[in-house]
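Single-structure report; data block below.
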Amino acid sequence: MSARTSTAPLRTTAAADWRALGTSVRLVVTDPALLDSCNLLLARHLAEVDAACSRFRTDSELTALDASLGRPVTVSPLLAEALAVALRAAEATDGTVDPTVGSAMNAIGYDRDFTLVQEDDRPIRLTVKRAPGWRTIDLDRTTGTVTVPVGVRLDLGATAKAWAADKAAAMLAQVAGCGVLVSLGGDTAVAGEPPAGGWNIRVQDVTGSVDEVPTHGTYATIGLRSGGLATSGTAARRWRRGGYELHHIVDPRTGLPVRSPWRTVSVAAATSADANAASTACLVKGAGAERWLTRLGLPARLVAQDGTVVTTPGWPTHQATTHGTAA
Amino acid sequence: MTVKERGAATAVRRGKRRIAAATAAITLAAAAGVFALVGTMQSDAEADTAAGSTGTTSSSSPSPSASSNTSSTSDSSTSSSSSSSSSSSSSSSPDLQSSSSGVTSSSGGSTDSTSGAS
């Protein structure tokens, strides 16, 4: 875990970087004196999310659902909310972001923490098999019960991090009374009063250090004053198995890693969860993604496999750039 | 050791115990929940206590120099937008919600965060 204070003209922030949920965590606050306290709360929040939603922990609530044998199970309010967000994302994206791809993820070898997936060399057999579908999941928010059909494995990886970032940013801004940015693997949520000029966020193919400008691919820096920003892409979380080049964005229609005309999609929305649902859906929707985003009024930046950049209305056209590859 | 020295040693031990107890109390208060932490943070702001070591684990915390706390944030207006703690991510609306003015051109300066695939 590392932390530091940055002072620029008219804006003072402090940031901490560490890892949780199998990804990078970055917390930035506009009141440096409150960084440690906010970080403590964030760590606690993410520990609770992990205990509820992890697909890789044998003691998680989500794993326990695998043994429910189709019976209704009462879950914690936290898992119920995470499931509600996942099901809403599925409905809003026409089923292209579907939480029932857990079995498909296991089938392509992503059945453990990603650091272990890369070291695993067991052979796999790729077969086309449609995911069971989000409509097979019955969630009763009033009673907090969920029914998962026998054989269906849930994966909240597409939505849980963004949702957790939203919750954390809102909670921290409320208790700390300052501007807060929470990024979980690039799924970014901001709340409270932003620093002067807004939060500067550099969108790029792969989430990385703020100090390391990407040497490959295009990037752009935008300002974010509220809501969320998320980027999905196939350039990260890739692995090879049995001669196959695989990645973690699965098309629910085939159960296989999606083959998309887009390499990277960044979307700004009212929440990071909505932004992430949209950006992931775009990879699956493929060629129709730009029109779909425009219809929803979501500002976005799409990078094609050949590096061509397309933006939708509302995405800033004047972007801060520092290198020739920025776009 | 003289009586005076023994007394001084006892006072030091008592002071250490008090600091340890205070640290534990603050840590527990923070872990107990959000509302407890509000009080902790407020007292931190108001009193110049040595709260920097209140159990924030191994973080190499920033040193909040007095001059750095001059951000443009007006803490008195804390509620409005941030009070929607459950956020619209748990909304029952099936439509993805746009942020009317959330995204803007960058003002330049340092990068606060990056967003990419992970």
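So you can find residues: chains in the structure tokens are A, B, ... in the order shown, residues in each start at 1, and ligands are numbered from 1 in order.
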
Closest-contact table, region 9-107 of chain A side, partner region 168-185 of chain A, 8 Å, counting only C-alpha atoms, as CSV:
residue,atom,partner,partner_atom,distance
A:Thr23,CA,A:Gly185,CA,5.3
A:Ser24,CA,A:Gly185,CA,4.9
A:Val25,CA,A:Leu184,CA,4.8
A:Arg26,CA,A:Ser183,CA,5.0
A:Leu27,CA,A:Val182,CA,4.8
A:Val28,CA,A:Leu181,CA,5.0
A:Val29,CA,A:Val180,CA,4.6
A:Thr30,CA,A:Gly179,CA,5.1
A:Asp31,CA,A:Cys178,CA,6.2
A:Leu34,CA,A:Ala176,CA,7.0
A:Cys38,CA,A:Leu172,CA,6.3
A:Leu41,CA,A:Leu172,CA,7.7
A:Leu42,CA,A:Ala168,CA,6.3
A:His45,CA,A:Ala168,CA,7.0

Could you build a table of the residues in region 67-149 of chain A lying no more than 7 Å from region 239-243 of chain A, giving for each the nearest pair of atoms and their separation in Å rounded to one decimal place, using only C-alpha atoms, ordered by chain and ascending residue number, as a tab-separated table?
residue	atom	partner	partner_atom	distance
A:Gln118	CA	A:Trp239	CA	5.7
A:Asp121	CA	A:Arg241	CA	6.2
A:Pro123	CA	A:Gly242	CA	5.3
A:Ile124	CA	A:Gly242	CA	6.5

Residue subset to file, keeping all heavy atoms, as a tab-separated table (two decimals), in the first residue's frame:
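The resulting result.tsv:
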chain	number	residue	atom	x	y	z
A	118	GLN	N	-2.94	-17.77	-14.89
A	118	GLN	CA	-1.83	-17.61	-15.83
A	118	GLN	C	-0.79	-18.73	-15.69
A	118	GLN	O	-0.10	-19.07	-16.64
A	118	GLN	CB	-1.15	-16.25	-15.61
A	118	GLN	CG	-2.03	-15.08	-15.99
A	118	GLN	CD	-1.44	-13.76	-15.55
A	118	GLN	OE1	-1.27	-13.50	-14.36
A	118	GLN	NE2	-1.11	-12.93	-16.50
A	121	ASP	N	-1.61	-24.80	-16.65
A	121	ASP	CA	-1.43	-25.26	-18.03
A	121	ASP	C	-2.30	-26.49	-18.34
A	121	ASP	O	-2.00	-27.26	-19.25
A	121	ASP	CB	0.04	-25.57	-18.32
A	121	ASP	CG	0.59	-26.62	-17.36
A	121	ASP	OD1	-0.16	-27.06	-16.48
A	121	ASP	OD2	1.77	-27.00	-17.52
A	123	PRO	N	-5.09	-28.63	-20.00
A	123	PRO	CA	-5.74	-28.47	-21.30
A	123	PRO	C	-7.23	-28.13	-21.12
A	123	PRO	O	-7.85	-28.52	-20.13
A	123	PRO	CB	-5.57	-29.84	-21.96
A	123	PRO	CG	-5.42	-30.79	-20.82
A	123	PRO	CD	-4.70	-30.04	-19.75
A	124	ILE	N	-7.77	-27.40	-22.04
A	124	ILE	CA	-9.20	-27.11	-22.01
A	124	ILE	C	-9.81	-27.44	-23.36
A	124	ILE	O	-9.10	-27.59	-24.37
A	124	ILE	CB	-9.48	-25.62	-21.70
A	124	ILE	CG1	-8.82	-24.73	-22.75
A	124	ILE	CG2	-9.05	-25.26	-20.31
A	124	ILE	CD1	-9.30	-23.30	-22.69

Quiz item: Quick one: residues within 9 Å of Ser106 (chain B), only C-alpha atoms counted, chain neighbours fewer than 3 positions away excluded, as a ChimeraX atom specification?
Solution: /A:197-201,221-224,316,318-320 /B:103,109

Hey, can you spit out that residue selection with N, CA, C and O atoms as a PDB file, in the first residue's frame?
ATOM      1  N   GLY A 197     -11.366  22.092 -11.295  1.00  0.00           N
ATOM      2  CA  GLY A 197     -11.176  21.561 -12.640  1.00  0.00           C
ATOM      3  C   GLY A 197     -11.675  20.149 -12.817  1.00  0.00           C
ATOM      4  O   GLY A 197     -11.628  19.611 -13.926  1.00  0.00           O
ATOM      5  N   GLY A 198     -12.144  19.518 -11.747  1.00  0.00           N
ATOM      6  CA  GLY A 198     -12.637  18.144 -11.852  1.00  0.00           C
ATOM      7  C   GLY A 198     -11.514  17.134 -11.691  1.00  0.00           C
ATOM      8  O   GLY A 198     -10.331  17.484 -11.607  1.00  0.00           O
ATOM      9  N   TRP A 199     -11.895  15.876 -11.641  1.00  0.00           N
ATOM     10  CA  TRP A 199     -10.916  14.791 -11.537  1.00  0.00           C
ATOM     11  C   TRP A 199     -10.332  14.523 -12.918  1.00  0.00           C
ATOM     12  O   TRP A 199     -11.072  14.331 -13.878  1.00  0.00           O
ATOM     13  N   ASN A 200      -9.018  14.503 -12.997  1.00  0.00           N
ATOM     14  CA  ASN A 200      -8.364  14.198 -14.269  1.00  0.00           C
ATOM     15  C   ASN A 200      -8.147  12.694 -14.387  1.00  0.00           C
ATOM     16  O   ASN A 200      -7.409  12.114 -13.577  1.00  0.00           O
ATOM     17  N   ILE A 201      -8.760  12.107 -15.378  1.00  0.00           N
ATOM     18  CA  ILE A 201      -8.645  10.654 -15.546  1.00  0.00           C
ATOM     19  C   ILE A 201      -8.143  10.342 -16.949  1.00  0.00           C
ATOM     20  O   ILE A 201      -8.702  10.828 -17.942  1.00  0.00           O
ATOM     21  N   THR A 221      -7.019  12.106 -21.828  1.00  0.00           N
ATOM     22  CA  THR A 221      -7.316  12.529 -20.458  1.00  0.00           C
ATOM     23  C   THR A 221      -8.555  13.415 -20.464  1.00  0.00           C
ATOM     24  O   THR A 221      -8.653  14.355 -21.253  1.00  0.00           O
ATOM     25  N   ILE A 222      -9.485  13.066 -19.607  1.00  0.00           N
ATOM     26  CA  ILE A 222     -10.735  13.822 -19.519  1.00  0.00           C
ATOM     27  C   ILE A 222     -10.966  14.281 -18.083  1.00  0.00           C
ATOM     28  O   ILE A 222     -10.286  13.822 -17.162  1.00  0.00           O
ATOM     29  N   GLY A 223     -11.940  15.154 -17.903  1.00  0.00           N
ATOM     30  CA  GLY A 223     -12.322  15.582 -16.569  1.00  0.00           C
ATOM     31  C   GLY A 223     -13.618  14.899 -16.161  1.00  0.00           C
ATOM     32  O   GLY A 223     -14.513  14.701 -16.984  1.00  0.00           O
ATOM     33  N   LEU A 224     -13.701  14.522 -14.907  1.00  0.00           N
ATOM     34  CA  LEU A 224     -14.923  13.884 -14.399  1.00  0.00           C
ATOM     35  C   LEU A 224     -15.339  14.627 -13.138  1.00  0.00           C
ATOM     36  O   LEU A 224     -14.552  14.751 -12.190  1.00  0.00           O
ATOM     37  N   PRO A 316     -15.746  14.501 -24.379  1.00  0.00           N
ATOM     38  CA  PRO A 316     -14.994  15.742 -24.643  1.00  0.00           C
ATOM     39  C   PRO A 316     -14.175  15.633 -25.923  1.00  0.00           C
ATOM     40  O   PRO A 316     -13.447  14.648 -26.120  1.00  0.00           O
ATOM     41  N   HIS A 318     -12.104  18.180 -26.800  1.00  0.00           N
ATOM     42  CA  HIS A 318     -10.818  18.807 -26.520  1.00  0.00           C
ATOM     43  C   HIS A 318     -10.224  18.108 -25.310  1.00  0.00           C
ATOM     44  O   HIS A 318     -10.682  18.258 -24.184  1.00  0.00           O
ATOM     45  N   GLN A 319      -9.215  17.283 -25.544  1.00  0.00           N
ATOM     46  CA  GLN A 319      -8.644  16.495 -24.489  1.00  0.00           C
ATOM     47  C   GLN A 319      -7.200  16.863 -24.257  1.00  0.00           C
ATOM     48  O   GLN A 319      -6.472  17.161 -25.195  1.00  0.00           O
ATOM     49  N   ALA A 320      -6.800  16.833 -22.989  1.00  0.00           N
ATOM     50  CA  ALA A 320      -5.408  17.107 -22.675  1.00  0.00           C
ATOM     51  C   ALA A 320      -4.534  15.985 -23.191  1.00  0.00           C
ATOM     52  O   ALA A 320      -4.801  14.813 -22.949  1.00  0.00           O
TER      53      ALA A 320
ATOM     54  N   VAL B 103     -18.932  14.449 -17.352  1.00  0.00           N
ATOM     55  CA  VAL B 103     -17.661  14.345 -18.049  1.00  0.00           C
ATOM     56  C   VAL B 103     -17.385  15.644 -18.802  1.00  0.00           C
ATOM     57  O   VAL B 103     -18.272  16.217 -19.428  1.00  0.00           O
ATOM     58  N   GLY B 109      -3.018  19.557 -15.809  1.00  0.00           N
ATOM     59  CA  GLY B 109      -2.472  19.259 -14.492  1.00  0.00           C
ATOM     60  C   GLY B 109      -2.258  17.779 -14.298  1.00  0.00           C
ATOM     61  O   GLY B 109      -2.268  17.001 -15.243  1.00  0.00           O
TER      62      GLY B 109
END

Quiz prompt | Point-to-point distance in Å for CA of Ala162 (chain A) and CA of Pro214 (chain A) | solution = 22.9 Å
